[in-house]
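What follows is one structure encoded as structure tokens, with my remarks underneath.
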Amino acid sequence: MDDEPLELEHKFKYLGATLHEDGSSTVEVRTRIALATAAFAKLGKIWKSSISFKAKHKLFRSLVSSILTYGCETWTLLADTERRIQAFENKCLRKLLRISYKDHVTNESVRELVVAYVGPQEPLLATVKRRKLAWFGHVTRHDSLSKTILQGTVEGKRRRGRQRKVWCDNIKEWTGMAMYELVRSASDRDAWRQKTDSSDLRSPRRPHRSRD
């Protein structure tokens with residue numbers, strides 16, 4: 001304004017989330033994990049107390065996991081960020097169960113113990129994926145700026161080399177669908193909700209080759 005140059009910001013916070021100039025979510029995911037780790041540490045006395053594991057797990061899901069998953073619908077997940085989310089949850093569950101890595105207990109065994117104590121639980125990474133898929137369906141069914149941005153294309157040539165993963169790439173990978181199939185499927189609210197709640201979406205699937 002007034003012929004003054006605007007300062008260029010490489011990243012900034014908006015509604016509590018960190019937005020980066022390249023559109024990646026790596027910084028935001030690491031920030032959320034750090035905040036969740038700090039929240040978990042503050043509750044150390046509770047984790048060491050004699051209250052039941054079931055109660056501890058409920059507190060973990062409501063007071064810690066919710067911090068990590070804030071705004072996760074907007075994330076673009078890479079293999080590294082997925083591993084970080086899984087590693088964070090595994091570390092916390094071990095703390096709750098008082099199982100050290102020195103005990104040589106596998107992560108699979110840790111999760112089996114959790115199921116034995118509190119029943120089947122949705123992993124944090126699966127929660128992130130489900131919420132992101134649900135948001136895709138919501139945006140697709142409503143005419144809005146978000147839908148225009150999500151389904152729009154940018155004119156110009158693509159840069160050389162391997163292309164950066166974008167938000168919709170996750171949706172294609174997890175469902176194995178091309179974009180036109182996703183739009184058609186998401187238009188049916190009940191069918192899409194059933195698909196997002198299905199267990200087969202919890203593991204990445206190879207997407208169809210498509211120009212979308």
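Identifiers in this document derive from the order of the structure tokens: chains are assigned A, B, ..., residues are numbered from 1 separately in each chain, and ligands are numbered from 1 in order of occurrence.
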Taking a cut-off of 12 Å and counting only C-alpha atoms, can you build a table that, for each residue of segment 80-114 of chain A near segment 126-131 of chain A, reports the nearest atom pair and how far apart they are in Å (one decimal), sorted by chain then residue number, as a Markdown table?
| residue | atom | partner | partner_atom | distance |
| --- | --- | --- | --- | --- |
| A:Thr81 | CA | A:Val128 | CA | 11.5 |
| A:Glu82 | CA | A:Val128 | CA | 9.7 |
| A:Ile85 | CA | A:Val128 | CA | 9.5 |
| A:Gln86 | CA | A:Ala126 | CA | 9.7 |
| A:Glu89 | CA | A:Ala126 | CA | 11.6 |
Those residues you just picked out, can you put them in a file as a compact mmCIF listing (two decimals), in the first residue's frame with C-alpha atoms?
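Contents of part_36.txt, freshly written:
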# COMPACT_ATOMS: atom_id res chain seq x y z
CA THR A 81 4.78 -37.69 7.19
CA GLU A 82 2.75 -40.89 7.42
CA ILE A 85 2.32 -39.90 12.55
CA GLN A 86 2.55 -43.65 13.09
CA GLU A 89 1.23 -42.87 18.13
Give me, as CSV, the closest atom pair and its distance (Å, one decimal) for every residue of segment 89-178 of chain A within a cut-off of 12 Å of segment 24-40 of chain A, counting only C-alpha atoms, rows sorted by chain and rising number.
residue,atom,partner,partner_atom,distance
A:Glu89,CA,A:Ile33,CA,9.7
A:Lys91,CA,A:Thr37,CA,9.9
A:Cys92,CA,A:Phe40,CA,7.8
A:Leu93,CA,A:Phe40,CA,10.9
A:Lys95,CA,A:Phe40,CA,9.9
A:Leu96,CA,A:Phe40,CA,10.3
A:Leu124,CA,A:Ile33,CA,11.6
A:Leu125,CA,A:Val29,CA,11.7
A:Val128,CA,A:Val29,CA,11.1
A:Arg164,CA,A:Ser24,CA,8.9
A:Lys165,CA,A:Ser24,CA,8.5
A:Val166,CA,A:Ser24,CA,7.9
A:Trp167,CA,A:Ser24,CA,8.9
Requested in this report: Between atom CA of Leu77 of chain A and atom CA of Arg111 of chain A, measure the distance and give it in Å to one decimal.
Outcome: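 One can read the atom CA of Leu77 of chain A to atom CA of Arg111 of chain A distance as 22.7 Å.
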Expressed in Å, the length from atom CA of Lys58 of chain A to atom CA of Ile99 of chain A is 18.4 Å
The distance between atom CA of Met179 of chain A and atom CA of Leu133 of chain A is 13.0 Å
Tell me which protein, DNA and RNA residues are within 9 Å of Lys132 of chain A, counting only C-alpha atoms, leaving out same-chain ones fewer than 4 positions away, and put them as an MDAnalysis selection string.
chainID A and resid 72:75 127:128 136:137 171
With distances taken over only C-alpha atoms, the candidate from A:Gln194, A:Asn170, A:Ser62, A:Ser100 nearest Leu78 of chain A is A:Asn170
Report task. Using only C-alpha atoms, determine which residues lie at most 10 Å from Leu59 of chain A, disregarding the query and same-chain residues fewer than 6 positions distant; provide the list as a PyMOL selection string. Result -> chain A and resi 40+43+46-47+53+65
